[in-house]
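Chemist: Can you read through this structure? Questions will come right after.
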Amino acid sequence: MIALLFRDLRLAIRAGGGFGLGLAFFLIVVVLVPFGVGPETELLSRIAPGILWVASLLAALLSLDRIFALDYEDGSLALLATSPLPLEGAAMVKACAHWITTGLPLTLAAPALGFLLSLAPEAYAYLLISLLIGTPALSMIGTFGAALTVGLRRGGLLLSLLVLPLYVPTLIFGAEAVRRGAEGLDPTGALMLMAGITAGSFALLPFATAAVLRINLR
């Protein structure tokens with residue numbers, strides 16, 4: 001599993017679909033929002049939690065179709081399916097590699113970009129915590145979606161349509177936690193619900209992902 005993780009990290013960096021693309025998209029969205037809604041500090045501060053979470057979600061979508069596509073094209077996925085490593089473990093490693101190259105950089109960059117949206121100072125810690133808790137769920141759910149569309153031509157749009165509804169609960173609770181932190185309220189409830197989604201995703205979706213991959217490889 002460790003060897004597969006480092007292999008996927010190297011491939012993500014060499015292929016150019018890793019953290020650089022996601023960060024660039026994240027930066028573009030955050031920079032363009034003030035041009036679209038106006039420079040009013042009060043308005044930007046109010047919508048900042050939602051905008052930052054939506055931008056993170058969309059940035060995570062960019063590289064989902066590459067999770068299994070390259071392995072499917074060169075035959076590596078078939079070798080993984082017949083290797084001693086269970087497909088469930090391979091699915092979890094793929095999700096972890098996606099989070100390290102996409103979710104983690106977005107999480108670390110979000111507080112700095114929150115300054116551009118006049119995010120309340122009290123909310124920075126909760127923004128970081130909510131992204132640390134929520135973005136692993138985005139990667140695991142995205143890995144399941146990538147398994148559903150593996151082998152399909154131009155499956156990127158279908159993947160987005162399949163995955164986006166599953167992202168909505170994490171988006172709602174993540175933005176709500178940041179909003180509550182900005183207003184001085186207790187965000188514990190939203191953070192706990194989001195942690196439950198992440199834990200449930202990693203407990204159930206590796207098995208679903210492995211089952212889908214076995215069907216697609218037949």
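Just so we're on the same page: first chain in the structure tokens is A, next is B, and so on; residues restart at 1 for each chain, and ligands are numbered from 1 in the order they show up.
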I'd like the neighbourhood of Ala24 in chain A as a list in words, where a residue qualifies if any of its atoms comes within 10 Å (using only C-alpha atoms), though same-chain residues fewer than 4 positions away should be ignored.

Modeler: Phe19, Gly20, Ile28, Val29, Ala59 and Leu106 of chain A

Chemist: May I have the residues within 10 Å of range 25-27 of chain A as a list in words, using only C-alpha atoms and disregarding those fewer than 2 positions away in the same chain?

Modeler: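 Counting only C-alpha atoms, the residues come to Gly20, Leu21, Gly22, Leu23, Val29, Val30, Val31, Leu32, Leu52, Trp53, Val54, Ala55, Ser56, Leu57, Leu58, Ala59, Ala60, Leu62, Leu106, Ala109, Ala110, Leu113 and Leu116 of chain A.
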
Chemist: Write out as a list of chain:residue names which residues come within 10 Å of Leu159 in chain A when counting only C-alpha atoms, dropping same-chain ones fewer than 6 positions away.

Modeler: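 Those residues are A:Leu61, A:Leu64, A:Asp65, A:Gly142, A:Phe144, A:Gly145, A:Ala146, A:Ala147, A:Leu148, A:Thr149, A:Val150, A:Leu152.
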
Chemist: Hey, which of A:Leu205, A:Leu191, A:Ile67, A:Leu5 ends up closest to Glu88 in chain A? Count only C-alpha atoms.

Modeler: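 Closest residue, counting only C-alpha atoms: A:Leu205.
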
Chemist: Taking into account only C-alpha atoms, which residue in the set A:Leu70, A:Leu9, A:Leu117, A:Leu128 is nearest to Val37 in chain A?

Modeler: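 Looking only at the distances to Val37 in chain A, the closest residue turns out to be A:Leu117.
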